[in-house]
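File shown: work_11.cif (mmCIF, C-alpha atoms and all ligand atoms).
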```cif
data_target
#
loop_
_atom_site.label_atom_id
_atom_site.label_comp_id
_atom_site.auth_asym_id
_atom_site.auth_seq_id
_atom_site.Cartn_x
_atom_site.Cartn_y
_atom_site.Cartn_z
CA MET A 942 -99.74 16.14 -64.65
CA LEU A 943 -97.26 15.91 -61.83
CA ALA A 944 -95.79 19.02 -60.23
CA ALA A 945 -92.26 20.06 -61.09
CA PRO A 946 -89.97 19.97 -58.07
CA ALA A 947 -90.07 23.28 -56.21
CA ARG A 948 -87.54 25.90 -57.12
CA ASP A 949 -88.25 29.43 -56.00
CA GLY A 950 -91.86 28.94 -57.00
CA SER A 951 -92.44 29.15 -53.28
CA VAL A 952 -91.41 32.83 -53.25
CA PHE A 953 -94.05 33.48 -55.86
CA GLN A 954 -96.61 31.62 -53.75
CA GLN A 955 -95.58 33.62 -50.69
CA ILE A 956 -96.18 36.90 -52.52
CA PHE A 957 -99.73 35.87 -53.32
CA ALA A 958 -100.36 34.39 -49.89
CA ASP A 959 -99.36 37.72 -48.31
CA HIS A 960 -100.98 40.19 -50.67
CA TRP A 961 -103.63 38.67 -52.95
CA GLN A 962 -106.60 39.54 -50.73
CA ALA A 963 -105.66 43.21 -50.48
CA PHE A 964 -104.94 43.35 -54.20
CA GLN A 965 -108.28 41.79 -55.07
CA GLN A 966 -110.18 44.18 -52.81
CA ALA A 967 -108.63 47.10 -54.65
CA HIS A 968 -109.42 45.76 -58.15
CA ALA A 969 -113.03 44.84 -58.97
CA ARG A 970 -111.98 43.15 -62.23
CA TYR A 971 -110.42 40.31 -60.27
CA GLN A 972 -113.26 39.71 -57.80
CA THR A 973 -114.58 36.61 -59.57
CA PRO A 974 -114.66 32.87 -58.72
CA TYR A 975 -112.43 32.26 -61.76
CA TYR A 976 -109.54 34.25 -60.28
CA ASP A 977 -110.22 32.91 -56.78
CA ALA A 978 -109.81 29.36 -58.05
CA LEU A 979 -106.65 30.18 -60.04
CA VAL A 980 -104.99 31.69 -56.98
CA ARG A 981 -106.18 29.01 -54.55
CA LYS A 982 -104.93 26.19 -56.79
CA MET A 983 -101.62 27.97 -57.34
CA LEU A 984 -101.11 28.37 -53.58
CA ASP A 985 -101.74 24.65 -53.01
CA CYS A 986 -99.50 23.55 -55.88
CA GLY A 987 -96.81 21.11 -54.85
CA ASN A 988 -98.47 20.40 -51.49
CA PRO A 989 -99.28 16.66 -51.46
CA VAL A 990 -101.89 17.04 -48.70
CA LYS A 991 -103.87 19.66 -50.64
CA MET A 992 -103.28 18.46 -54.19
CA GLY A 993 -103.00 14.71 -53.88
CA ALA A 994 -99.95 12.64 -54.65
CA VAL A 995 -98.55 9.51 -56.19
CA GLU A 996 -96.32 7.47 -53.95
CA TYR A 997 -93.67 5.22 -55.46
CA ARG A 998 -92.01 2.43 -53.54
CA CYS A 999 -89.34 -0.10 -54.22
CA LEU A 1000 -90.99 -3.52 -54.32
CA HIS A 1001 -87.61 -5.18 -54.44
CA CYS A 1002 -85.97 -4.10 -51.16
CA GLY A 1003 -88.91 -2.28 -49.63
CA GLN A 1004 -86.84 0.78 -48.70
CA GLY A 1005 -86.91 3.21 -51.62
CA GLN A 1006 -89.70 5.81 -51.67
CA HIS A 1007 -90.57 8.78 -53.86
CA LEU A 1008 -93.56 11.06 -53.40
CA VAL A 1009 -94.83 13.20 -56.27
CA ALA A 1010 -97.45 15.88 -55.64
CA MET A 1011 -100.04 16.56 -58.34
CA SER A 1012 -99.67 19.88 -60.12
CA CYS A 1013 -102.33 22.62 -60.03
CA LYS A 1014 -102.33 23.51 -63.76
CA SER A 1015 -103.44 27.03 -62.84
CA SER A 1016 -102.43 29.45 -65.59
CA LEU A 1017 -101.15 31.72 -62.85
CA CYS A 1018 -98.73 29.15 -61.44
CA LEU A 1019 -95.10 29.72 -62.30
CA ARG A 1020 -94.19 26.31 -60.92
CA CYS A 1021 -96.39 24.78 -63.63
CA ALA A 1022 -95.45 27.37 -66.28
CA LYS A 1023 -92.15 25.70 -67.10
CA VAL A 1024 -93.96 22.47 -67.91
CA TYR A 1025 -96.51 24.40 -69.97
CA THR A 1026 -93.74 26.06 -71.92
CA ASP A 1027 -92.15 22.72 -72.72
CA ASN A 1028 -95.49 21.26 -73.75
CA TRP A 1029 -96.20 24.24 -75.97
CA VAL A 1030 -92.81 23.98 -77.61
CA SER A 1031 -93.72 20.40 -78.35
CA GLN A 1032 -97.18 21.35 -79.62
CA VAL A 1033 -95.87 24.06 -81.95
CA SER A 1034 -92.98 21.96 -83.23
CA GLN A 1035 -95.31 19.12 -84.12
CA VAL A 1036 -97.33 21.24 -86.51
CA LEU A 1037 -94.36 22.72 -88.37
CA HIS A 1038 -94.12 20.77 -91.60
CA GLU A 1039 -90.89 19.48 -92.94
CA GLY A 1040 -89.73 21.14 -96.12
CA VAL A 1041 -91.97 24.18 -95.69
CA ILE A 1042 -90.42 27.60 -95.21
CA TYR A 1043 -91.87 29.56 -92.30
CA ARG A 1044 -91.22 33.09 -91.25
CA HIS A 1045 -91.57 34.45 -87.76
CA ILE A 1046 -93.66 37.59 -87.99
CA ILE A 1047 -94.51 39.81 -85.02
CA LEU A 1048 -97.57 42.05 -85.22
CA THR A 1049 -97.87 44.69 -82.52
CA VAL A 1050 -100.46 47.07 -81.11
CA PRO A 1051 -99.55 50.75 -80.58
CA ALA A 1052 -99.41 51.88 -76.94
CA MET A 1053 -102.51 54.06 -77.33
CA PHE A 1054 -104.70 50.94 -77.70
CA ARG A 1055 -103.28 48.82 -74.89
CA MET A 1056 -105.89 49.94 -72.35
CA THR A 1057 -108.64 49.30 -74.90
CA PHE A 1058 -107.36 45.74 -75.23
CA TYR A 1059 -107.03 45.27 -71.51
CA HIS A 1060 -110.57 46.40 -70.75
CA ASN A 1061 -112.18 44.52 -73.63
CA ALA A 1062 -110.02 41.39 -73.59
CA ALA A 1063 -112.95 38.97 -73.71
CA VAL A 1064 -114.26 40.36 -77.02
CA VAL A 1065 -111.13 41.72 -78.64
CA LEU A 1066 -108.50 39.01 -78.25
CA SER A 1067 -110.09 36.37 -80.51
CA ALA A 1068 -110.81 38.92 -83.21
CA PHE A 1069 -107.23 40.16 -82.85
CA MET A 1070 -105.78 36.71 -83.52
CA ARG A 1071 -108.06 36.17 -86.52
CA CYS A 1072 -107.22 39.56 -87.99
CA GLY A 1073 -103.50 38.71 -88.00
CA ALA A 1074 -104.15 35.82 -90.40
CA GLN A 1075 -106.51 37.92 -92.53
CA CYS A 1076 -103.89 40.64 -92.79
CA LEU A 1077 -101.19 38.23 -93.98
CA ASP A 1078 -103.50 36.62 -96.57
CA ASP A 1079 -104.31 40.09 -97.86
CA PHE A 1080 -100.62 41.04 -97.83
CA TYR A 1081 -99.49 37.93 -99.74
CA SER A 1082 -102.33 38.33 -102.24
CA THR A 1083 -101.44 41.97 -102.90
CA VAL A 1084 -97.77 41.15 -103.39
CA LYS A 1085 -98.52 38.35 -105.89
CA GLY A 1086 -101.54 39.95 -107.54
CA LYS A 1087 -103.50 36.72 -106.96
CA ARG A 1088 -105.75 35.54 -104.19
CA LEU A 1089 -103.53 33.50 -101.86
CA GLN A 1090 -104.12 31.64 -98.63
CA GLY A 1091 -101.12 31.12 -96.39
CA GLY A 1092 -100.75 28.93 -93.32
CA TYR A 1093 -100.41 30.49 -89.89
CA ILE A 1094 -99.62 29.28 -86.42
CA THR A 1095 -100.56 32.25 -84.29
CA VAL A 1096 -99.61 32.68 -80.66
CA LEU A 1097 -101.05 35.48 -78.55
CA HIS A 1098 -98.79 37.25 -76.09
CA THR A 1099 -100.13 39.93 -73.79
CA HIS A 1100 -96.83 40.67 -72.10
CA GLY A 1101 -93.65 42.45 -73.01
CA ARG A 1102 -90.31 41.29 -71.67
CA ASN A 1103 -90.67 42.94 -68.25
CA GLY A 1104 -94.21 41.70 -67.68
CA GLN A 1105 -96.05 44.87 -68.67
CA TYR A 1106 -99.26 44.69 -70.68
CA HIS A 1107 -98.27 44.69 -74.32
CA PRO A 1108 -100.51 42.56 -76.53
CA HIS A 1109 -98.92 41.28 -79.75
CA LEU A 1110 -99.02 38.30 -82.06
CA HIS A 1111 -96.24 35.93 -82.96
CA VAL A 1112 -97.07 34.29 -86.24
CA LEU A 1113 -95.16 31.41 -87.76
CA ALA A 1114 -96.27 32.04 -91.31
CA THR A 1115 -95.65 30.07 -94.48
CA SER A 1116 -93.68 32.22 -96.85
CA GLY A 1117 -96.30 32.36 -99.55
CA GLY A 1118 -99.70 30.83 -100.07
CA TYR A 1119 -102.01 28.50 -101.92
CA GLU A 1120 -103.77 29.74 -105.00
CA ALA A 1121 -106.97 27.72 -105.31
CA GLU A 1122 -107.89 28.45 -108.94
CA GLY A 1123 -104.70 27.16 -110.44
CA ALA A 1124 -104.15 24.73 -107.55
CA SER A 1125 -100.63 26.06 -107.16
CA TRP A 1126 -98.35 27.12 -104.33
CA GLU A 1127 -96.92 30.60 -104.75
CA HIS A 1128 -93.69 31.04 -102.84
CA LEU A 1129 -92.68 34.53 -101.74
CA ASP A 1130 -89.00 35.06 -101.39
CA TYR A 1131 -89.09 38.75 -100.67
CA LEU A 1132 -91.57 40.50 -98.38
CA PRO A 1133 -92.02 44.28 -98.78
CA TYR A 1134 -92.12 45.36 -95.14
CA ALA A 1135 -93.40 48.86 -95.77
CA LEU A 1136 -96.53 47.38 -97.32
CA LEU A 1137 -96.95 44.93 -94.43
CA ARG A 1138 -96.86 47.78 -91.92
CA ARG A 1139 -99.63 49.67 -93.67
CA LYS A 1140 -101.72 46.52 -94.21
CA TRP A 1141 -101.41 45.64 -90.54
CA GLN A 1142 -102.49 49.10 -89.47
CA TRP A 1143 -105.56 48.93 -91.69
CA HIS A 1144 -106.58 45.44 -90.54
CA LEU A 1145 -106.02 46.11 -86.86
CA LEU A 1146 -107.91 49.40 -86.80
CA THR A 1147 -110.76 48.04 -88.90
CA MET A 1148 -111.07 45.09 -86.54
CA LEU A 1149 -111.18 47.39 -83.50
CA ARG A 1150 -113.80 49.64 -85.04
CA GLN A 1151 -116.01 46.72 -86.06
CA THR A 1152 -115.60 44.75 -82.84
CA LEU A 1153 -116.05 47.54 -80.32
CA LYS A 1154 -118.51 49.84 -82.09
CA THR A 1155 -118.13 52.49 -79.40
CA GLU A 1156 -118.00 56.26 -79.74
CA ALA A 1157 -114.65 56.32 -77.95
CA ILE A 1158 -112.91 54.09 -80.47
CA LYS A 1159 -113.45 56.29 -83.58
CA PRO A 1160 -111.28 59.27 -82.56
CA LEU A 1161 -108.57 56.84 -81.38
CA VAL A 1162 -108.57 55.12 -84.76
CA ASP A 1163 -108.38 58.45 -86.60
CA THR A 1164 -105.53 59.60 -84.38
CA CYS A 1165 -103.67 56.38 -85.00
CA PHE A 1166 -103.88 56.74 -88.80
CA ARG A 1167 -102.63 60.34 -88.53
CA LYS A 1168 -99.90 59.58 -86.03
CA TYR A 1169 -98.45 56.62 -87.93
CA PRO A 1170 -98.73 57.42 -91.66
CA ASP A 1171 -96.27 54.63 -92.47
CA GLY A 1172 -98.20 51.93 -90.63
CA LEU A 1173 -97.56 49.95 -87.46
CA VAL A 1174 -94.62 48.02 -86.15
CA THR A 1175 -94.30 44.61 -87.63
CA ASN A 1176 -91.18 42.61 -87.35
CA VAL A 1177 -90.16 39.84 -89.68
CA GLN A 1178 -87.28 37.87 -88.27
CA LYS A 1179 -84.46 37.74 -90.79
CA GLY A 1180 -84.14 34.47 -92.64
CA ALA A 1181 -86.57 31.63 -92.81
CA VAL A 1182 -87.65 29.40 -89.98
CA PRO A 1183 -86.14 26.84 -89.75
CA ALA A 1184 -82.92 28.71 -90.39
CA GLN A 1185 -80.26 26.08 -90.74
CA ALA A 1186 -81.25 23.39 -88.38
CA TYR A 1187 -84.06 22.26 -86.17
CA SER A 1188 -82.70 24.54 -83.47
CA GLY A 1189 -84.36 27.35 -85.39
CA ALA A 1190 -87.78 25.84 -84.90
CA ARG A 1191 -87.03 25.15 -81.27
CA TYR A 1192 -85.79 28.66 -80.70
CA VAL A 1193 -88.89 30.21 -82.18
CA ALA A 1194 -91.28 27.85 -80.43
CA LYS A 1195 -89.62 28.47 -77.11
CA TYR A 1196 -89.48 32.21 -77.56
CA VAL A 1197 -93.08 32.31 -78.58
CA VAL A 1198 -94.52 30.42 -75.64
CA SER A 1199 -92.52 31.66 -72.67
CA PRO A 1200 -94.46 32.79 -69.58
CA PRO A 1201 -94.59 36.50 -68.53
CA ILE A 1202 -91.84 36.12 -65.95
CA SER A 1203 -90.10 32.84 -65.39
CA VAL A 1204 -89.62 31.67 -61.82
CA ARG A 1205 -85.89 31.87 -62.15
CA ARG A 1206 -86.11 35.59 -62.76
CA LEU A 1207 -87.40 36.50 -59.30
CA ASP A 1208 -84.43 37.84 -57.40
CA GLN A 1209 -85.81 39.21 -54.18
CA TYR A 1210 -88.96 39.69 -52.12
CA ASP A 1211 -88.84 41.54 -48.81
CA GLY A 1212 -92.56 41.54 -48.02
CA GLU A 1213 -93.23 44.86 -49.75
CA ARG A 1214 -91.19 44.97 -52.92
CA VAL A 1215 -90.27 42.43 -55.59
CA THR A 1216 -87.08 42.46 -57.65
CA TYR A 1217 -86.87 40.51 -60.88
CA HIS A 1218 -84.82 40.62 -64.04
CA TYR A 1219 -85.56 40.20 -67.72
CA ARG A 1220 -83.80 40.47 -71.05
CA SER A 1221 -84.65 43.81 -72.61
CA HIS A 1222 -85.45 44.10 -76.34
CA ARG A 1223 -84.27 47.67 -76.32
CA THR A 1224 -80.85 47.21 -74.80
CA GLU A 1225 -80.44 43.46 -75.48
CA ARG A 1226 -79.13 43.21 -71.95
CA MET A 1227 -80.40 41.83 -68.65
CA GLU A 1228 -82.30 44.56 -66.85
CA GLN A 1229 -83.36 44.45 -63.24
CA GLU A 1230 -86.53 46.02 -61.92
CA THR A 1231 -87.89 46.50 -58.40
CA VAL A 1232 -91.61 47.20 -58.04
CA PRO A 1233 -94.12 47.41 -55.18
CA VAL A 1234 -95.74 44.05 -54.56
CA ALA A 1235 -99.18 45.21 -55.82
CA THR A 1236 -97.62 46.22 -59.14
CA PHE A 1237 -95.98 42.83 -59.39
CA ILE A 1238 -99.22 40.96 -58.73
CA GLY A 1239 -100.98 43.19 -61.26
CA ARG A 1240 -98.34 42.41 -63.90
CA MET A 1241 -98.84 38.70 -63.36
CA VAL A 1242 -102.65 38.47 -63.25
CA GLN A 1243 -103.28 40.82 -66.17
CA HIS A 1244 -101.91 38.11 -68.47
CA VAL A 1245 -104.38 35.47 -67.38
CA LEU A 1246 -106.54 34.91 -70.44
CA PRO A 1247 -110.33 34.64 -70.38
CA LYS A 1248 -111.54 31.21 -69.30
CA GLY A 1249 -111.04 28.53 -71.94
CA PHE A 1250 -109.18 30.89 -74.28
CA LYS A 1251 -106.84 29.16 -76.75
CA ARG A 1252 -103.53 30.96 -76.96
CA ILE A 1253 -102.23 29.05 -79.99
CA ARG A 1254 -104.44 28.89 -83.08
CA TYR A 1255 -104.04 27.57 -86.60
CA TYR A 1256 -105.30 29.38 -89.66
CA GLY A 1257 -105.48 28.86 -93.41
CA VAL A 1258 -103.57 25.98 -94.91
CA GLN A 1259 -101.95 25.36 -91.53
CA ALA A 1260 -105.27 23.84 -90.42
CA THR A 1261 -104.67 20.08 -90.61
CA LYS A 1262 -107.16 19.07 -93.30
CA THR A 1263 -106.25 21.81 -95.73
CA PHE A 1264 -102.58 21.18 -95.21
CA ALA A 1265 -102.84 17.52 -96.22
CA LYS A 1266 -104.54 18.66 -99.43
CA VAL A 1267 -101.97 21.24 -100.50
CA LYS A 1268 -98.83 19.60 -99.18
CA GLY A 1269 -97.82 17.98 -102.48
CA VAL A 1270 -98.30 21.18 -104.48
CA MET A 1271 -96.43 23.15 -101.87
CA GLN A 1272 -93.43 20.89 -101.76
CA ALA A 1273 -93.15 20.64 -105.52
CA ALA A 1274 -93.15 24.43 -105.78
CA LEU A 1275 -90.58 24.85 -103.03
CA ALA A 1276 -88.33 22.21 -104.60
CA LYS A 1277 -88.33 24.29 -107.77
CA VAL A 1278 -87.07 27.39 -106.00
CA GLY A 1279 -84.51 25.28 -104.20
CA ALA A 1280 -85.89 26.25 -100.86
CA VAL A 1281 -86.60 22.89 -99.34
CA VAL A 1282 -84.83 22.44 -96.06
CA LYS A 1283 -84.70 18.72 -95.63
CA GLY A 1284 -85.29 17.29 -92.22
CA ALA A 1285 -85.08 20.74 -90.77
CA VAL A 1286 -88.04 20.47 -88.50
CA LYS A 1287 -87.43 18.15 -85.66
CA ILE A 1288 -90.38 17.15 -83.62
CA ILE A 1289 -89.77 17.95 -80.02
CA ALA A 1290 -91.49 15.44 -77.81
CA ARG A 1291 -92.97 16.58 -74.53
CA LEU A 1292 -91.04 15.40 -71.52
CA THR A 1293 -92.49 13.15 -68.86
CA TYR A 1294 -92.20 13.98 -65.18
CA ARG A 1295 -89.43 11.40 -64.98
CA GLN A 1296 -87.44 13.04 -67.77
CA ARG A 1297 -87.92 16.53 -66.38
CA TYR A 1298 -86.77 15.43 -62.95
CA ALA A 1299 -83.76 13.63 -64.35
CA GLN A 1300 -82.87 16.65 -66.47
CA ARG A 1301 -82.93 18.93 -63.44
CA THR A 1302 -81.27 16.75 -60.84
CA GLY A 1303 -79.33 14.19 -62.88
CA ARG A 1304 -81.10 11.48 -60.95
CA ASP A 1305 -83.83 9.04 -62.03
CA PRO A 1306 -86.62 9.60 -59.49
CA PHE A 1307 -88.07 6.12 -59.97
CA ARG A 1308 -84.84 4.20 -59.45
CA CYS A 1309 -84.48 2.93 -55.87
CA PRO A 1310 -81.56 4.72 -54.19
CA HIS A 1311 -80.93 1.66 -51.98
CA CYS A 1312 -80.89 -1.27 -54.38
CA GLY A 1313 -81.14 0.30 -57.81
CA ALA A 1314 -84.33 -1.50 -58.80
CA GLU A 1315 -87.12 0.33 -60.57
CA MET A 1316 -89.78 1.52 -58.15
CA ALA A 1317 -93.49 1.12 -58.78
CA VAL A 1318 -96.65 3.04 -57.96
CA TRP A 1319 -97.59 2.15 -54.41
CA ARG A 1320 -100.41 4.49 -53.56
CA ILE A 1321 -102.35 7.23 -55.29
CA TRP A 1322 -103.99 9.67 -52.96
CA GLN A 1323 -106.45 12.37 -53.83
CA PRO A 1324 -107.86 14.97 -51.37
CA LYS A 1325 -111.46 14.54 -52.50
CA TYR A 1326 -111.62 10.74 -52.76
CA GLY A 1327 -108.80 9.69 -50.43
CA VAL A 1328 -106.74 6.67 -51.46
CA ILE A 1329 -107.87 5.69 -54.93
CA ASP A 1330 -105.26 3.04 -55.64
CA ASP A 1331 -103.40 1.03 -53.06
CA GLU A 1332 -101.00 -1.63 -54.24
CA GLY A 1333 -100.13 -2.62 -50.68
CA ALA A 1334 -103.71 -3.55 -49.90
CA VAL A 1335 -104.05 -5.42 -53.17
CA MET A 1336 -100.93 -7.43 -52.47
CA LYS A 1337 -102.02 -8.27 -48.94
CA ARG A 1338 -105.23 -9.65 -50.35
CA GLY A 1339 -103.07 -11.67 -52.75
CA THR A 1340 -105.02 -10.61 -55.80
CA TYR A 1341 -101.89 -10.61 -57.87
CA ALA A 1342 -98.22 -11.31 -57.60
CA SER A 1343 -95.90 -8.82 -55.92
CA THR A 1344 -93.85 -8.20 -59.04
CA ALA A 1345 -96.63 -6.02 -60.45
CA GLN A 1346 -95.08 -3.00 -62.11
CA ARG A 1347 -96.40 0.05 -63.77
CA ALA A 1348 -95.02 2.52 -66.17
CA GLY A 1349 -94.35 5.95 -64.69
CA PRO A 1350 -96.63 8.82 -65.64
ZN ZN B 1 -98.91 24.66 -60.22
ZN ZN B 2 -84.78 -1.00 -53.47
#
```

Just give me the structure of the file as structure tokens.
Ligand SMILES: [Zn+2]
Ligand SMILES: [Zn+2]
Amino acid sequence: MLAAPARDGSVFQQIFADHWQAFQQAHARYQTPYYDALVRKMLDCGNPVKMGAVEYRCLHCGQGQHLVAMSCKSSLCLRCAKVYTDNWVSQVSQVLHEGVIYRHIILTVPAMFRMTFYHNAAVVLSAFMRCGAQCLDDFYSTVKGKRLQGGYITVLHTHGRNGQYHPHLHVLATSGGYEAEGASWEHLDYLPYALLRRKWQWHLLTMLRQTLKTEAIKPLVDTCFRKYPDGLVTNVQKGAVPAQAYSGARYVAKYVVSPPISVRRLDQYDGERVTYHYRSHRTERMEQETVPVATFIGRMVQHVLPKGFKRIRYYGVQATKTFAKVKGVMQAALAKVGAVVKGAVKIIARLTYRQRYAQRTGRDPFRCPHCGAEMAVWRIWQPKYGVIDDEGAVMKRGTYASTAQRAGP
């Protein structure tokens, strides 16, 4: 992957360059090689000397040049986050099936358990994602009085809008499920939310009790049942996804995969304090917040997931093989209820570096600014191995003709 052109990603880098060491010394949790590598890579991101680069040159007039630094792909890097978001949008949109009605369901964790999640992330988060799918299967089955299996694309978020720790699940759920015995698809038009809230509470608390098995968890679970007799907050977005057009799918995908704080939301950094803004759920307005730099760093690193953790997972009939099997049954059933939205899911392709650059600047980075010819890869340089591909040297040796061209990345 090639690095996105720098915006104020450099402010973010500066914050970590100035304060990461002190922050790490104060927080034992982050004193591991895993975090060291994430921060080091992020600090080098966009620097061609540290990261390596691809150099493009115009082979027509010999004047045009364009240097692209390799990206760091660190999950902490906001410069790379925009690209990740776009790729995720693409990934999610590709697994939404045309003609199937999805609902966007949000399953939350009450504030009293947030610390439990934070301290036990490595064991709890996977179980948490799985239990969301189990809860919805149970919910659909109870509503229909038959054993149903739905399809779920589940995305884990650990952050609220302002970057605080607030684990919750976004589920793109089929509205209904597959009934294996009769080999039929049971569509659910109406979802009783009160029941969903109680089901979610039961599944979440049971999962916590079984996963953690500690003395401390039992009283918390009991308190939670007493404190919330009507169940936990779940939120079903009104209307089906896709709503009217593919924009629905895009909206949801984008919303679901956005990073904790986007680079564009950093307003100010004076060496000690950071000001950023975010759109608040509560007020539905842009809110600005200024926090000490250590708080800011903490808000960013707490969302780094355990190594290798998959943030998007597919459950039930949404798993590819099962889906192929039930697709016919599903579509026939939906056609009967008149709920098929034809062509509503548009696959959103991931953008190449060239497209992203053009979108941002209105300029094709690989078109020679002097003569207008298409430029070609001239040299690929990598810090560990040095020059790994050198067209100039190849041409001088006369191995092949000078018109050699390559497709951009
Ligand atoms: Zn990066
Ligand atoms: Zn040229």

Item to check | Protein and nucleic acid residues within 10 Å of ligand ZN 2 (chain B) (only C-alpha atoms and all ligand atoms) as a list in words | outcome: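 Within the 10 Å cut-off, the matching residues are Arg998, Cys999, Leu1000, His1001, Cys1002, Gly1003, Gln1004, Gly1005, Gln1006, Arg1308, Cys1309, Pro1310, His1311, Cys1312, Gly1313, Ala1314, Glu1315 and Met1316 of chain A.
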
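Around Tyr1131 in chain A, within 10 Å and counting only C-alpha atoms, the residues found are Val1084, Ser1116 and Gly1117 of chain A, once anything fewer than 4 positions away on its own chain is removed.
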
Checklist entry - Once you count all atoms listed in the file, which residues end up within 6 Å of ligand ZN 1 (chain B), and could you hand them over as a list of chain:residue names? => result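 My answer, listing the contacting residues, is A:Met983, A:Cys986, A:Ser1012, A:Cys1013, A:Lys1014, A:Ser1015, A:Cys1018, A:Arg1020, A:Cys1021.
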
Item to check | Pick from A:Thr1057, A:Gln1090, A:Gln965, A:Gln1105, whichever lies nearest to Glu1122 in chain A using only C-alpha atoms | outcome: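 Ranked by minimum distance to Glu1122 in chain A, first place goes to A:Gln1090.
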
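Separating CA of Arg1088 in chain A from CA of Ile1253 in chain A is a distance of 25.3 Å.
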
Checklist outcome for this item: note - CA of Val1234 in chain A and CA of Tyr1210 in chain A are separated by 8.4 Å

Item to check | Nearest to Gln1142 in chain A, chosen from A:His1045, A:Lys1262, A:Lys1168, A:Arg1304, with all atoms listed in the file counted in the distances | outcome: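 Looking only at the distances to Gln1142 in chain A, the closest residue turns out to be A:Lys1168.
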
Checklist outcome for this item: Across A:Pro974, A:Gly1172, A:Gly1118, A:Pro1051, the smallest distance to Lys1085 in chain A, with only C-alpha atoms counted, is shown by A:Gly1118

Next on the checklist: Between CA of Tyr1081 in chain A and CA of Pro1170 in chain A, what distance in Å does the model show, to one decimal?
Outcome noted: 21.1 Å

Checklist entry - Leu1145 in chain A: which residues within 9 Å, counting all atoms listed in the file, same-chain residues fewer than 3 positions away excluded, as JSON, numbers by chain? => result {"A": [1050, 1069, 1072, 1073, 1076, 1140, 1141, 1142, 1148, 1149, 1150]}

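Closest approach to Val1270 in chain A among A:Lys1159, A:Arg981, A:His1128, A:Lys1248 is made by A:His1128 (distances from all atoms listed in the file).
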
Next on the checklist: Report as a PyMOL selection string all protein, DNA and RNA residues lying within 9 Å of Thr1152 in chain A, evaluated on all atoms listed in the file, omitting residues in the same chain fewer than 3 positions from it.
Outcome noted: chain A and resi 1064-1065+1068+1147-1149+1155

Checklist entry - Neighbours of Met1056 in chain A within 10 Å (all atoms listed in the file; same-chain residues fewer than 5 positions away dropped), as number ranges by chain? => result A: 1061-1062, 1106-1107

For range 978-980 of chain A, work out the shell of residues within 8 Å, counting all atoms listed in the file and skipping chain neighbours fewer than 6 positions away, then give it as a short mmCIF file (atom, residue, chain, number, x, y, z; two decimals) with C-alpha atoms, in the coordinates of the input.
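Heads up, here's the output in out24.cif:
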```cif
data_model
loop_
_atom_site.label_atom_id
_atom_site.label_comp_id
_atom_site.auth_asym_id
_atom_site.auth_seq_id
_atom_site.Cartn_x
_atom_site.Cartn_y
_atom_site.Cartn_z
CA PHE A 957 -99.73 35.87 -53.32
CA SER A 1015 -103.44 27.03 -62.84
CA SER A 1016 -102.43 29.45 -65.59
CA LEU A 1017 -101.15 31.72 -62.85
#
```

Checklist outcome for this item: Min atom-atom distance to Trp1319 in chain A from the set A:Val952, A:Arg1055, A:Ala994, A:Tyr971, counting all atoms listed in the file, belongs to A:Ala994

Checklist entry - Of the residues A:Glu996, A:Leu1077, A:Leu1097, A:Ile1238, which is the one nearest to Ala967 in chain A, using all atoms listed in the file? => result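 Using all atoms listed in the file, the shortest distance to Ala967 in chain A belongs to A:Ile1238.
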
Checklist entry - Can you tell me, as number ranges by chain, which residues sit within 10 Å of (-101.9, 30.9, -96.3) in the file's frame, using only C-alpha atoms? => result A: 1074-1075, 1077-1079, 1081-1082, 1088-1093, 1114-1120, 1126-1127, 1256-1260, 1264
